[in-house]
$ cat upload20.csv   # CSV, C-alpha atoms
chain,number,residue,atom,x,y,z
A,1,MET,CA,-12.7,21.1,1.5
A,2,ALA,CA,-12.4,17.4,2.4
A,3,LYS,CA,-13.3,16.5,6.0
A,4,LEU,CA,-10.8,14.6,8.1
A,5,TYR,CA,-12.1,12.4,11.0
A,6,TYR,CA,-10.2,12.0,14.2
A,7,GLU,CA,-10.4,10.2,17.6
A,8,ALA,CA,-13.5,12.1,18.7
A,9,ASP,CA,-15.4,11.2,15.5
A,10,ALA,CA,-15.2,7.5,16.0
A,11,ASP,CA,-17.2,5.3,18.5
A,12,PRO,CA,-15.0,2.4,19.5
A,13,GLY,CA,-18.1,0.8,21.1
A,14,VAL,CA,-19.4,0.0,17.6
A,15,LEU,CA,-16.9,-3.0,17.5
A,16,ALA,CA,-18.0,-4.2,21.0
A,17,GLY,CA,-19.2,-7.7,20.7
A,18,ARG,CA,-18.1,-8.1,17.1
A,19,LYS,CA,-15.8,-10.8,16.0
A,20,VAL,CA,-13.2,-9.7,13.5
A,21,ALA,CA,-11.3,-12.0,11.1
A,22,ILE,CA,-8.1,-10.8,9.5
A,23,ILE,CA,-7.5,-12.8,6.3
A,24,GLY,CA,-3.8,-12.8,5.6
A,25,TYR,CA,-0.8,-12.0,7.7
A,26,GLY,CA,1.5,-10.1,5.4
A,27,SER,CA,2.6,-6.4,5.6
A,28,GLN,CA,-0.9,-5.0,6.4
A,29,GLY,CA,-2.3,-8.2,8.0
A,30,HIS,CA,0.1,-8.4,10.8
A,31,ALA,CA,-0.3,-4.7,11.6
A,32,HIS,CA,-4.1,-4.7,11.6
A,33,ALA,CA,-4.4,-7.9,13.6
A,34,GLN,CA,-1.9,-6.8,16.3
A,35,ASN,CA,-3.3,-3.3,16.6
A,36,LEU,CA,-6.9,-4.5,16.8
A,37,ALA,CA,-5.9,-7.0,19.5
A,38,ASP,CA,-4.1,-4.3,21.5
A,39,SER,CA,-7.2,-2.2,21.2
A,40,GLY,CA,-9.3,-4.9,22.9
A,41,VAL,CA,-11.0,-6.1,19.7
A,42,ASP,CA,-11.9,-9.8,19.5
A,43,VAL,CA,-9.7,-10.8,16.5
A,44,ARG,CA,-8.6,-14.0,14.8
A,45,VAL,CA,-6.3,-14.5,11.8
A,46,GLY,CA,-7.3,-16.7,8.9
A,47,LEU,CA,-4.5,-18.5,7.0
A,48,ARG,CA,-4.1,-21.4,4.7
A,49,PRO,CA,-2.9,-24.6,6.4
A,50,GLY,CA,0.9,-24.7,6.3
A,51,SER,CA,1.3,-21.0,5.9
A,52,SER,CA,4.7,-19.8,7.0
A,53,SER,CA,2.9,-16.9,8.7
A,54,TRP,CA,0.9,-19.2,11.0
A,55,PRO,CA,3.6,-19.6,13.7
A,56,LYS,CA,4.4,-15.9,13.5
A,57,ALA,CA,0.8,-14.9,14.2
A,58,GLU,CA,0.7,-17.4,17.1
A,59,GLU,CA,4.0,-16.0,18.5
A,60,ALA,CA,2.3,-12.6,18.5
A,61,GLY,CA,-0.4,-14.0,20.8
A,62,LEU,CA,-3.1,-14.1,18.2
A,63,ALA,CA,-5.7,-16.8,17.6
A,64,VAL,CA,-5.0,-18.5,14.2
A,65,THR,CA,-7.3,-20.7,12.2
A,66,THR,CA,-8.1,-21.5,8.6
A,67,VAL,CA,-9.6,-18.9,6.3
A,68,ALA,CA,-12.9,-20.8,6.2
A,69,GLU,CA,-13.1,-21.2,9.9
A,70,ALA,CA,-12.2,-17.6,10.6
A,71,ALA,CA,-14.9,-16.4,8.1
A,72,ALA,CA,-17.5,-18.7,9.7
A,73,ASP,CA,-16.7,-17.5,13.2
A,74,ALA,CA,-16.5,-13.8,12.5
A,75,ASP,CA,-19.0,-11.2,11.5
A,76,LEU,CA,-16.5,-8.6,10.2
A,77,ILE,CA,-14.0,-10.0,7.7
A,78,MET,CA,-11.1,-7.9,6.6
A,79,ILE,CA,-9.5,-9.4,3.4
A,80,LEU,CA,-5.8,-8.5,3.4
A,81,LEU,CA,-4.5,-10.9,0.8
A,82,PRO,CA,-2.7,-9.9,-2.4
A,83,ASP,CA,-5.1,-8.4,-5.0
A,84,THR,CA,-4.6,-11.4,-7.3
A,85,GLU,CA,-5.5,-14.0,-4.7
A,86,GLN,CA,-8.6,-12.4,-3.2
A,87,ALA,CA,-11.3,-13.4,-5.7
A,88,ALA,CA,-10.5,-17.2,-5.5
A,89,VAL,CA,-10.2,-17.2,-1.7
A,90,TYR,CA,-13.4,-15.2,-1.3
A,91,SER,CA,-15.3,-17.6,-3.6
A,92,SER,CA,-14.2,-20.8,-2.1
A,93,GLU,CA,-13.6,-20.0,1.6
A,94,ILE,CA,-15.4,-16.8,2.6
A,95,ALA,CA,-18.6,-16.5,0.5
A,96,PRO,CA,-20.1,-19.8,1.7
A,97,HIS,CA,-19.9,-18.6,5.4
A,98,LEU,CA,-21.4,-15.1,5.0
A,99,SER,CA,-24.5,-14.3,7.0
A,100,GLU,CA,-26.9,-11.4,7.0
A,101,GLY,CA,-25.5,-8.6,9.0
A,102,ASP,CA,-21.9,-9.4,8.3
A,103,ALA,CA,-19.4,-6.8,7.1
A,104,LEU,CA,-16.8,-7.4,4.4
A,105,PHE,CA,-13.8,-5.0,4.7
A,106,PHE,CA,-10.9,-4.3,2.3
A,107,ALA,CA,-7.8,-2.1,2.4
A,108,HIS,CA,-7.8,-1.6,-1.4
A,109,GLY,CA,-10.8,-1.4,-3.7
A,110,PHE,CA,-9.3,-3.3,-6.7
A,111,ASN,CA,-11.5,-6.5,-6.5
A,112,ILE,CA,-14.7,-4.7,-5.7
A,113,HIS,CA,-14.3,-1.9,-8.2
A,114,PHE,CA,-13.3,-4.1,-11.0
A,115,GLY,CA,-16.0,-6.7,-10.3
A,116,GLN,CA,-13.7,-9.6,-9.3
A,117,ILE,CA,-15.6,-10.0,-6.0
A,118,GLU,CA,-19.4,-9.5,-6.0
A,119,PRO,CA,-20.7,-9.9,-2.4
A,120,PRO,CA,-24.5,-10.4,-1.7
A,121,GLU,CA,-26.6,-7.3,-1.1
A,122,TRP,CA,-27.2,-8.1,2.5
A,123,VAL,CA,-23.6,-7.5,3.8
A,124,ASP,CA,-21.8,-4.3,4.4
A,125,ILE,CA,-18.9,-3.5,2.1
A,126,ALA,CA,-16.4,-1.0,3.4
A,127,MET,CA,-12.8,0.0,3.1
A,128,VAL,CA,-10.2,1.0,5.7
A,129,ALA,CA,-7.0,1.7,3.8
A,130,PRO,CA,-3.9,3.0,5.7
A,131,LYS,CA,-1.7,5.2,3.6
A,132,GLY,CA,1.5,3.6,4.6
A,133,PRO,CA,3.1,0.2,4.7
A,134,GLY,CA,2.1,-2.3,7.4
A,135,HIS,CA,5.3,-2.1,9.4
A,136,LEU,CA,4.8,1.6,9.8
A,137,VAL,CA,1.1,1.1,10.8
A,138,ARG,CA,2.3,-1.2,13.6
A,139,ARG,CA,5.3,0.9,14.7
A,140,SER,CA,3.3,4.1,14.8
A,141,TYR,CA,0.6,2.5,16.9
A,142,GLU,CA,3.1,1.1,19.4
A,143,GLU,CA,4.6,4.6,19.6
A,144,GLY,CA,1.3,6.2,20.4
A,145,GLY,CA,0.7,7.6,17.0
A,146,GLY,CA,-0.9,6.4,13.8
A,147,VAL,CA,-0.9,6.4,10.0
A,148,PRO,CA,-3.5,8.4,8.1
A,149,CYS,CA,-6.0,6.2,6.2
A,150,LEU,CA,-8.9,6.3,3.8
A,151,ILE,CA,-12.4,4.9,4.5
A,152,ALA,CA,-15.1,4.2,2.0
A,153,VAL,CA,-18.5,2.5,2.0
A,154,GLU,CA,-19.6,0.6,-1.1
A,155,GLN,CA,-22.7,-1.0,0.3
A,156,ASP,CA,-24.4,-0.1,3.6
A,157,ALA,CA,-26.8,-3.0,4.3
A,158,SER,CA,-26.8,-2.4,8.0
A,159,GLY,CA,-27.0,1.4,8.0
A,160,LYS,CA,-23.9,1.4,10.2
A,161,ALA,CA,-21.1,0.7,7.7
A,162,LYS,CA,-19.5,4.1,8.0
A,163,ALA,CA,-19.6,4.0,11.8
A,164,THR,CA,-18.1,0.5,11.7
A,165,ALA,CA,-15.3,1.6,9.4
A,166,LEU,CA,-14.5,4.6,11.6
A,167,ALA,CA,-14.4,2.3,14.7
A,168,TYR,CA,-12.1,-0.1,12.9
A,169,ALA,CA,-9.8,2.8,11.8
A,170,HIS,CA,-9.8,4.0,15.4
A,171,ALA,CA,-8.8,0.5,16.6
A,172,ILE,CA,-5.7,0.4,14.3
A,173,GLY,CA,-4.6,3.9,15.3
A,174,ALA,CA,-5.6,5.7,12.1
A,175,THR,CA,-7.9,8.3,13.8
A,176,ARG,CA,-4.8,9.5,15.7
A,177,ALA,CA,-3.5,10.8,12.4
A,178,GLY,CA,-6.6,11.5,10.4
A,179,VAL,CA,-9.1,9.6,8.3
A,180,LEU,CA,-10.3,10.8,4.9
A,181,GLU,CA,-13.6,9.5,3.4
A,182,THR,CA,-13.5,8.5,-0.3
A,183,THR,CA,-15.1,5.9,-2.6
A,184,PHE,CA,-13.9,2.5,-3.8
A,185,LYS,CA,-13.6,4.0,-7.3
A,186,GLU,CA,-11.6,7.0,-6.3
A,187,GLU,CA,-9.3,5.0,-4.0
A,188,THR,CA,-8.6,2.3,-6.6
A,189,GLU,CA,-8.0,4.6,-9.5
A,190,THR,CA,-5.9,7.2,-7.7
A,191,ASP,CA,-3.9,4.5,-5.9
A,192,LEU,CA,-3.0,2.7,-9.1
A,193,PHE,CA,-2.2,5.9,-10.9
A,194,GLY,CA,0.0,7.1,-8.0
A,195,GLU,CA,1.9,3.8,-7.9
A,196,GLN,CA,2.4,3.7,-11.7
A,197,ALA,CA,3.0,7.4,-12.6
A,198,VAL,CA,4.7,8.8,-9.5
A,199,LEU,CA,5.4,6.9,-6.4
A,200,CYS,CA,6.9,3.7,-7.9
A,201,GLY,CA,7.0,3.6,-11.6
A,202,GLY,CA,7.7,7.3,-12.3
A,203,LEU,CA,10.1,7.7,-9.4
A,204,THR,CA,12.2,4.6,-10.0
A,205,SER,CA,12.3,5.2,-13.8
A,206,LEU,CA,13.4,8.8,-13.2
A,207,MET,CA,16.2,7.8,-10.7
A,208,ILE,CA,17.5,5.0,-13.0
A,209,ALA,CA,17.4,7.3,-16.0
A,210,GLY,CA,19.4,9.9,-14.1
A,211,PHE,CA,21.9,7.2,-12.9
A,212,GLU,CA,22.4,5.9,-16.5
A,213,THR,CA,22.7,9.4,-18.0
A,214,LEU,CA,25.6,10.2,-15.6
A,215,VAL,CA,27.3,6.8,-15.9
A,216,ASN,CA,27.1,6.9,-19.7
A,217,ALA,CA,28.7,10.3,-19.6
A,218,GLY,CA,31.7,8.9,-17.8
A,219,TYR,CA,31.0,9.8,-14.2
A,220,GLN,CA,31.6,7.3,-11.4
A,221,PRO,CA,28.7,5.0,-10.8
A,222,GLU,CA,29.0,5.7,-7.1
A,223,SER,CA,28.7,9.4,-7.6
A,224,ALA,CA,25.7,8.9,-9.9
A,225,TYR,CA,24.1,6.7,-7.2
A,226,PHE,CA,24.6,9.3,-4.5
A,227,GLU,CA,23.2,12.2,-6.6
A,228,CYS,CA,20.2,10.4,-8.2
A,229,ILE,CA,19.1,7.9,-5.6
A,230,HIS,CA,20.7,8.2,-2.2
A,231,GLU,CA,19.8,11.9,-1.8
A,232,MET,CA,16.2,11.3,-2.9
A,233,LYS,CA,15.3,10.6,0.7
A,234,LEU,CA,16.6,13.9,1.9
A,235,ILE,CA,14.4,15.8,-0.6
A,236,VAL,CA,11.3,13.6,0.0
A,237,ASP,CA,11.6,14.1,3.7
A,238,LEU,CA,11.6,17.8,3.3
A,239,ILE,CA,8.5,17.7,1.1
A,240,TYR,CA,6.8,15.3,3.6
A,241,GLU,CA,7.5,17.8,6.4
A,242,GLN,CA,7.1,21.1,4.7
A,243,GLY,CA,5.6,20.7,1.2
A,244,ILE,CA,7.2,21.5,-2.1
A,245,SER,CA,7.6,25.2,-1.2
A,246,GLY,CA,9.3,24.3,2.1
A,247,MET,CA,11.7,22.0,0.3
A,248,ARG,CA,12.6,24.8,-2.1
A,249,PHE,CA,13.2,27.1,0.8
A,250,SER,CA,15.7,24.6,2.4
A,251,ILE,CA,17.8,24.0,-0.7
A,252,SER,CA,20.2,26.4,-2.4
A,253,ASP,CA,19.1,29.1,-4.8
A,254,THR,CA,21.0,27.3,-7.5
A,255,ALA,CA,19.1,24.1,-6.9
A,256,GLU,CA,15.8,25.9,-6.7
A,257,TYR,CA,16.4,27.7,-10.0
A,258,GLY,CA,17.5,24.4,-11.6
A,259,ASP,CA,14.4,22.8,-10.2
A,260,MET,CA,11.9,25.3,-11.6
A,261,THR,CA,13.5,25.8,-15.0
A,262,ARG,CA,14.8,22.3,-15.9
A,263,GLY,CA,12.4,20.1,-14.1
A,264,PRO,CA,9.5,20.8,-16.6
A,265,ARG,CA,11.9,19.9,-19.4
A,266,VAL,CA,12.2,16.4,-18.0
A,267,ILE,CA,8.5,16.0,-17.0
A,268,GLY,CA,7.1,17.9,-19.9
A,269,LYS,CA,4.3,17.5,-22.5
A,270,GLU,CA,5.3,13.9,-23.4
A,271,SER,CA,5.4,12.8,-19.8
A,272,ARG,CA,2.0,14.4,-19.0
A,273,GLU,CA,0.5,12.7,-22.1
A,274,ALA,CA,1.9,9.4,-20.9
A,275,MET,CA,0.3,10.0,-17.4
A,276,SER,CA,-3.0,10.7,-19.0
A,277,LYS,CA,-2.9,7.5,-21.0
A,278,LEU,CA,-2.0,5.6,-17.8
A,279,LEU,CA,-5.0,7.0,-16.1
A,280,ASP,CA,-7.2,6.1,-19.1
A,281,ASP,CA,-6.0,2.5,-18.9
A,282,ILE,CA,-6.8,2.4,-15.2
A,283,GLN,CA,-10.3,4.0,-15.6
A,284,ASP,CA,-11.4,1.7,-18.5
A,285,GLY,CA,-10.2,-1.4,-16.8
A,286,SER,CA,-7.4,-2.2,-19.3
A,287,PHE,CA,-4.7,-2.4,-16.7
A,288,ALA,CA,-6.8,-4.5,-14.4
A,289,ARG,CA,-7.5,-7.0,-17.2
A,290,GLU,CA,-3.9,-7.1,-18.2
A,291,TRP,CA,-2.7,-7.8,-14.7
A,292,ILE,CA,-5.4,-10.4,-14.1
A,293,GLU,CA,-4.4,-12.2,-17.3
A,294,GLU,CA,-0.7,-12.0,-16.5
A,295,ASN,CA,-1.4,-13.8,-13.2
A,296,ARG,CA,-3.6,-16.3,-15.0
A,297,ARG,CA,-0.6,-17.2,-17.3
A,298,GLY,CA,1.7,-17.6,-14.4
A,299,ARG,CA,3.4,-14.2,-14.5
A,300,PRO,CA,6.0,-14.8,-17.2
A,301,TYR,CA,6.4,-11.1,-18.2
A,302,PHE,CA,6.3,-9.9,-14.6
A,303,ASN,CA,9.0,-12.4,-13.5
A,304,GLU,CA,11.2,-11.4,-16.5
A,305,LEU,CA,10.9,-7.8,-15.6
A,306,ARG,CA,11.8,-8.6,-12.0
A,307,ARG,CA,14.9,-10.5,-13.2
A,308,GLN,CA,16.0,-7.7,-15.4
A,309,ALA,CA,15.5,-5.0,-12.7
A,310,ALA,CA,17.5,-7.1,-10.1
A,311,SER,CA,20.4,-7.4,-12.5
A,312,HIS,CA,20.7,-3.7,-13.3
A,313,PRO,CA,24.0,-2.1,-12.3
A,314,VAL,CA,22.3,0.4,-10.0
A,315,GLU,CA,21.4,-2.5,-7.7
A,316,GLN,CA,25.0,-3.7,-7.3
A,317,VAL,CA,26.4,-0.2,-6.9
A,318,GLY,CA,23.7,0.6,-4.3
A,319,SER,CA,24.2,-2.6,-2.4
A,320,ASN,CA,28.0,-2.0,-2.2
A,321,LEU,CA,27.5,1.6,-1.0
A,322,ARG,CA,24.9,0.8,1.6
A,323,SER,CA,27.1,-1.9,3.0
A,324,MET,CA,29.6,0.9,3.8
A,325,MET,CA,27.0,3.0,5.5
A,326,PRO,CA,25.7,0.9,8.4
A,327,PHE,CA,24.0,3.9,9.9
A,328,ILE,CA,21.2,3.5,7.3
A,329,THR,CA,19.9,0.3,8.9
A,330,ALA,CA,21.4,0.5,12.4
A,331,GLY,CA,18.9,-0.6,14.9
A,332,LYS,CA,16.2,-1.2,12.4
A,333,ARG,CA,14.4,-4.6,11.9
A,334,ARG,CA,14.1,-5.9,8.4
A,335,ILE,CA,10.6,-5.3,7.0
A,336,GLN,CA,10.4,-9.0,6.1
A,337,ASP,CA,11.0,-9.9,9.8
A,338,VAL,CA,8.4,-7.5,11.1
A,339,SER,CA,5.6,-8.2,8.6
A,340,GLY,CA,5.8,-11.9,8.4
A,341,GLY,CA,5.9,-11.5,4.6
$ encode --input "upload20.csv" --output "C-alpha cells"
Amino acid sequence: MAKLYYEADADPGVLAGRKVAIIGYGSQGHAHAQNLADSGVDVRVGLRPGSSSWPKAEEAGLAVTTVAEAAADADLIMILLPDTEQAAVYSSEIAPHLSEGDALFFAHGFNIHFGQIEPPEWVDIAMVAPKGPGHLVRRSYEEGGGVPCLIAVEQDASGKAKATALAYAHAIGATRAGVLETTFKEETETDLFGEQAVLCGGLTSLMIAGFETLVNAGYQPESAYFECIHEMKLIVDLIYEQGISGMRFSISDTAEYGDMTRGPRVIGKESREAMSKLLDDIQDGSFAREWIEENRRGRPYFNELRRQAASHPVEQVGSNLRSMMPFITAGKRRIQDVSGG
C-alpha cells in the first residue's frame, strides 16, 4: 500500500538558508509563492519584464525580478510556467545560471519526462505537484488546511532531493493533507490520461452528449442543463466525500439501479478501447509531439476548437441559468482575480 507523508515526516529546516525562485505567477505560481513566504521561506518571483502579474505579485508583498535574475539569485528554482513555455525559458534564462548544488523543481513532469528540458547531472530534479488548482492551494493554506500533493525525484545529485521536496510540500501546506511519492513518468502519464479520458475530456464530452440527446429529443434546454450539467456537482461532491459506494447510498434506489445497469452501456467496450488508445498515445509520446507541434504552428486547431466550444448552445443556456442563481458565486472571488492569471 502506498505511503502518505504528513507534517511529522517533513523537516522544514531543510529549506533554512535556501533561496527559492518561483518562475511564473499564474494559478499555481501565486499560491506557491505566497504560501512559501507565509511559511518563512526566502522566496522571490521571476517574471518577464512587462508581465501583467508583476504588480499583482508586488501587491502581495513578494520580491519580483526577471526570470534570469531570480534564477541566478536562487538555489531552488520552481518552474510554474505553462508546459509549452518551459523549455524555451529554461534554455535562455535559467540554464545559464545553474550552479552545482542547485535544485530544479516542477509541478508537472511533462518537460522532463518527454525530454524537452535536460538539466545537468549535478542539480537535483524533483517535483511537488498539488492535486488541486492554485486558488484552492492558497485558500486551503490560509484556512489552516492543505491540498494533497505528489512528490517525485528524478535526479538526486545532492542526496537530499526527497527531503527538500518534502520540506517544500510542508511549506505550501501539502503535508497537512497528505503527500504521495511517485515518479515523473507515473505523474505525467496518469495526469494526462486523467485529464483526457475522465476529468476534463471524458466528463465534458459526456455532459454535452447528454445535453444534446435531451434537447434533440424535444426537451427544454434548461431542463437538459440542470439534469446533465448542474447536478454533476452534487454527485461529484458525494463521491469526493464518501466514495462511489457512499454516493450510491445517498441517491434513490431507482437512480442506483439505473447507474449500475445503464452506465456500462454508455461507458462500454468502445469507450474502454478508446481510453486504452489514449493511454498508448501518451505513453509512446504521440500526444506530446502533437501538442508541441500544435504550439509551434501557432495553435490553429486548438484555437478553432476553443471557438467552437465557446459557441455551443450549452454555454449560452448555462450562462443564462447561472445568472438567475446568484447563490452559486455569492461571496466568491473570481479565479482570475485570485490567481493573477
$ residues_around --input "upload20.csv" --residues "Arg176 (chain A)" --least-positions-apart "5" --cutoff "7 Å" --atoms "only C-alpha atoms" --output "number ranges by chain"
A: 6-7, 145-146
$ residues_around --input "upload20.csv" --residues "Lys277 (chain A)" --least-positions-apart "6" --cutoff "12 Å" --atoms "all atoms listed in the file" --output "ChimeraX atom specification"
/A:193,196-197,270-271,283-284,286-287
$ residues_around --input "upload20.csv" --residues "Ser99 (chain A)" --least-positions-apart "6" --cutoff "12 Å" --atoms "all atoms listed in the file" --output "compact mmCIF listing (two decimals) with C-alpha atoms, keeping the file's coordinate frame"
# COMPACT_ATOMS: atom_id res chain seq x y z
CA ALA A 71 -14.90 -16.40 8.10
CA ALA A 72 -17.50 -18.70 9.70
CA ASP A 73 -16.70 -17.50 13.20
CA ALA A 74 -16.50 -13.80 12.50
CA ASP A 75 -19.00 -11.20 11.50
CA LEU A 76 -16.50 -8.60 10.20
CA ILE A 77 -14.00 -10.00 7.70
CA PRO A 119 -20.70 -9.90 -2.40
CA PRO A 120 -24.50 -10.40 -1.70
CA GLU A 121 -26.60 -7.30 -1.10
CA TRP A 122 -27.20 -8.10 2.50
CA VAL A 123 -23.60 -7.50 3.80
CA ASP A 124 -21.80 -4.30 4.40
CA ALA A 157 -26.80 -3.00 4.30
$ residues_around --input "upload20.csv" --residues "Val147 (chain A)" --least-positions-apart "2" --cutoff "7 Å" --atoms "all atoms listed in the file" --output "PyMOL selection string"
chain A and resi 130-132+137+140+149+173-174+177
$ write_last_selection --input "upload20.csv" --atoms "C-alpha atoms" --output "PDB file, keeping the file's coordinate frame"
ATOM      1  CA  PRO A 130      -3.900   3.000   5.700  1.00  0.00           C
ATOM      2  CA  LYS A 131      -1.700   5.200   3.600  1.00  0.00           C
ATOM      3  CA  GLY A 132       1.500   3.600   4.600  1.00  0.00           C
ATOM      4  CA  VAL A 137       1.100   1.100  10.800  1.00  0.00           C
ATOM      5  CA  SER A 140       3.300   4.100  14.800  1.00  0.00           C
ATOM      6  CA  CYS A 149      -6.000   6.200   6.200  1.00  0.00           C
ATOM      7  CA  GLY A 173      -4.600   3.900  15.300  1.00  0.00           C
ATOM      8  CA  ALA A 174      -5.600   5.700  12.100  1.00  0.00           C
ATOM      9  CA  ALA A 177      -3.500  10.800  12.400  1.00  0.00           C
TER      10      ALA A 177
END
$ closest_residue --input "upload20.csv" --among "A:Tyr5, A:Tyr141, A:Trp54, A:Phe110" --to "His32 (chain A)" --atoms "all atoms listed in the file"
A:Tyr141
$ closest_residue --input "upload20.csv" --among "A:Ala309, A:Ile251, A:Val14, A:Ala288" --to "His170 (chain A)" --atoms "only C-alpha atoms"
A:Val14
$ residues_around --input "upload20.csv" --residues "Gly40 (chain A)" --least-positions-apart "3" --cutoff "10 Å" --atoms "only C-alpha atoms" --output "PDB file with C-alpha atoms, in the frame of the given file"
ATOM      1  CA  PRO A  12     -15.000   2.400  19.500  1.00  0.00           C
ATOM      2  CA  LEU A  15     -16.900  -3.000  17.500  1.00  0.00           C
ATOM      3  CA  ALA A  16     -18.000  -4.200  21.000  1.00  0.00           C
ATOM      4  CA  ASN A  35      -3.300  -3.300  16.600  1.00  0.00           C
ATOM      5  CA  LEU A  36      -6.900  -4.500  16.800  1.00  0.00           C
ATOM      6  CA  ALA A  37      -5.900  -7.000  19.500  1.00  0.00           C
ATOM      7  CA  VAL A  43      -9.700 -10.800  16.500  1.00  0.00           C
ATOM      8  CA  ALA A 171      -8.800   0.500  16.600  1.00  0.00           C
TER       9      ALA A 171
END
$ axis_aligned_box --input "upload20.csv" --around "region 83-90 of chain A" --padding-each-side "8 Å" --output "AutoDock Vina command-line options"
--center_x -9.0 --center_y -12.8 --center_z -4.3 --size_x 24.8 --size_y 24.8 --size_z 22.0
$ atom_distance --input "upload20.csv" --atom1 "CA of Leu136 (chain A)" --atom2 "CA of Val153 (chain A)"
24.6 Å
$ closest_residue --input "upload20.csv" --among "A:Ala126, A:Tyr219, A:Ile235, A:Leu305" --to "Glu181 (chain A)" --atoms "only C-alpha atoms"
A:Ala126
$ closest_residue --input "upload20.csv" --among "A:Gly29, A:Gly318, A:Pro264, A:Gly46" --to "Phe106 (chain A)" --atoms "only C-alpha atoms"
A:Gly29
$ closest_residue --input "upload20.csv" --among "A:Ser39, A:Ala129, A:Ile23, A:Ile244" --to "Leu80 (chain A)" --atoms "only C-alpha atoms"
A:Ile23
$ atom_distance --input "upload20.csv" --atom1 "CA of Ala274 (chain A)" --atom2 "CA of Asp83 (chain A)"
24.9 Å
$ closest_residue --input "upload20.csv" --among "A:Glu93, A:Arg139, A:Glu118, A:Val128" --to "His30 (chain A)" --atoms "only C-alpha atoms"
A:Arg139
$ atom_distance --input "upload20.csv" --atom1 "CA of Val45 (chain A)" --atom2 "CA of Ile22 (chain A)"
4.7 Å
$ residues_near_point --input "upload20.csv" --point "(-2.9, -22.6, 17.1)" --cutoff "8 Å" --atoms "all atoms listed in the file" --output "list in words"
Trp54, Pro55, Glu58, Ala63, Val64 and Thr65 of chain A
$ decode --input "upload20.csv" --residues "region 302-307 of chain A" --atoms "all heavy atoms" --output "PDB file, in the first residue's frame"
ATOM      1  N   PHE A 302      -6.167  24.215 -32.034  1.00  0.00           N
ATOM      2  CA  PHE A 302      -6.562  24.466 -30.654  1.00  0.00           C
ATOM      3  C   PHE A 302      -7.494  25.673 -30.560  1.00  0.00           C
ATOM      4  O   PHE A 302      -8.537  25.637 -29.903  1.00  0.00           O
ATOM      5  CB  PHE A 302      -5.308  24.685 -29.812  1.00  0.00           C
ATOM      6  CG  PHE A 302      -5.562  25.058 -28.373  1.00  0.00           C
ATOM      7  CD1 PHE A 302      -5.995  24.120 -27.445  1.00  0.00           C
ATOM      8  CD2 PHE A 302      -5.338  26.357 -27.930  1.00  0.00           C
ATOM      9  CE1 PHE A 302      -6.215  24.461 -26.120  1.00  0.00           C
ATOM     10  CE2 PHE A 302      -5.562  26.708 -26.609  1.00  0.00           C
ATOM     11  CZ  PHE A 302      -6.002  25.763 -25.702  1.00  0.00           C
ATOM     12  N   ASN A 303      -7.119  26.757 -31.237  1.00  0.00           N
ATOM     13  CA  ASN A 303      -7.932  27.974 -31.183  1.00  0.00           C
ATOM     14  C   ASN A 303      -9.300  27.777 -31.835  1.00  0.00           C
ATOM     15  O   ASN A 303     -10.308  28.325 -31.366  1.00  0.00           O
ATOM     16  CB  ASN A 303      -7.186  29.129 -31.852  1.00  0.00           C
ATOM     17  CG  ASN A 303      -5.985  29.586 -31.046  1.00  0.00           C
ATOM     18  OD1 ASN A 303      -5.957  29.441 -29.828  1.00  0.00           O
ATOM     19  ND2 ASN A 303      -4.977  30.117 -31.716  1.00  0.00           N
ATOM     20  N   GLU A 304      -9.348  26.978 -32.914  1.00  0.00           N
ATOM     21  CA  GLU A 304     -10.626  26.709 -33.561  1.00  0.00           C
ATOM     22  C   GLU A 304     -11.518  25.858 -32.651  1.00  0.00           C
ATOM     23  O   GLU A 304     -12.732  26.095 -32.554  1.00  0.00           O
ATOM     24  CB  GLU A 304     -10.407  25.994 -34.892  1.00  0.00           C
ATOM     25  CG  GLU A 304     -11.682  25.546 -35.604  1.00  0.00           C
ATOM     26  CD  GLU A 304     -12.652  26.685 -35.910  1.00  0.00           C
ATOM     27  OE1 GLU A 304     -12.226  27.859 -35.936  1.00  0.00           O
ATOM     28  OE2 GLU A 304     -13.842  26.385 -36.118  1.00  0.00           O
ATOM     29  N   LEU A 305     -10.935  24.880 -31.975  1.00  0.00           N
ATOM     30  CA  LEU A 305     -11.708  24.071 -31.039  1.00  0.00           C
ATOM     31  C   LEU A 305     -12.251  24.932 -29.901  1.00  0.00           C
ATOM     32  O   LEU A 305     -13.401  24.751 -29.464  1.00  0.00           O
ATOM     33  CB  LEU A 305     -10.836  22.950 -30.474  1.00  0.00           C
ATOM     34  CG  LEU A 305     -10.445  21.835 -31.439  1.00  0.00           C
ATOM     35  CD1 LEU A 305      -9.483  20.870 -30.757  1.00  0.00           C
ATOM     36  CD2 LEU A 305     -11.683  21.091 -31.942  1.00  0.00           C
ATOM     37  N   ARG A 306     -11.449  25.856 -29.420  1.00  0.00           N
ATOM     38  CA  ARG A 306     -11.907  26.778 -28.368  1.00  0.00           C
ATOM     39  C   ARG A 306     -13.098  27.600 -28.853  1.00  0.00           C
ATOM     40  O   ARG A 306     -14.077  27.783 -28.129  1.00  0.00           O
ATOM     41  CB  ARG A 306     -10.764  27.714 -27.965  1.00  0.00           C
ATOM     42  CG  ARG A 306      -9.981  27.301 -26.757  1.00  0.00           C
ATOM     43  CD  ARG A 306      -9.028  28.408 -26.360  1.00  0.00           C
ATOM     44  NE  ARG A 306      -8.357  28.096 -25.101  1.00  0.00           N
ATOM     45  CZ  ARG A 306      -7.395  28.834 -24.578  1.00  0.00           C
ATOM     46  NH1 ARG A 306      -6.986  29.939 -25.215  1.00  0.00           N
ATOM     47  NH2 ARG A 306      -6.835  28.498 -23.429  1.00  0.00           N
ATOM     48  N   ARG A 307     -12.987  28.094 -30.085  1.00  0.00           N
ATOM     49  CA  ARG A 307     -14.057  28.922 -30.643  1.00  0.00           C
ATOM     50  C   ARG A 307     -15.356  28.124 -30.753  1.00  0.00           C
ATOM     51  O   ARG A 307     -16.439  28.595 -30.377  1.00  0.00           O
ATOM     52  CB  ARG A 307     -13.651  29.455 -32.014  1.00  0.00           C
ATOM     53  CG  ARG A 307     -14.644  30.451 -32.624  1.00  0.00           C
ATOM     54  CD  ARG A 307     -14.403  30.653 -34.095  1.00  0.00           C
ATOM     55  NE  ARG A 307     -14.668  29.436 -34.858  1.00  0.00           N
ATOM     56  CZ  ARG A 307     -15.896  28.997 -35.149  1.00  0.00           C
ATOM     57  NH1 ARG A 307     -16.970  29.656 -34.735  1.00  0.00           N
ATOM     58  NH2 ARG A 307     -16.051  27.891 -35.854  1.00  0.00           N
TER      59      ARG A 307
END
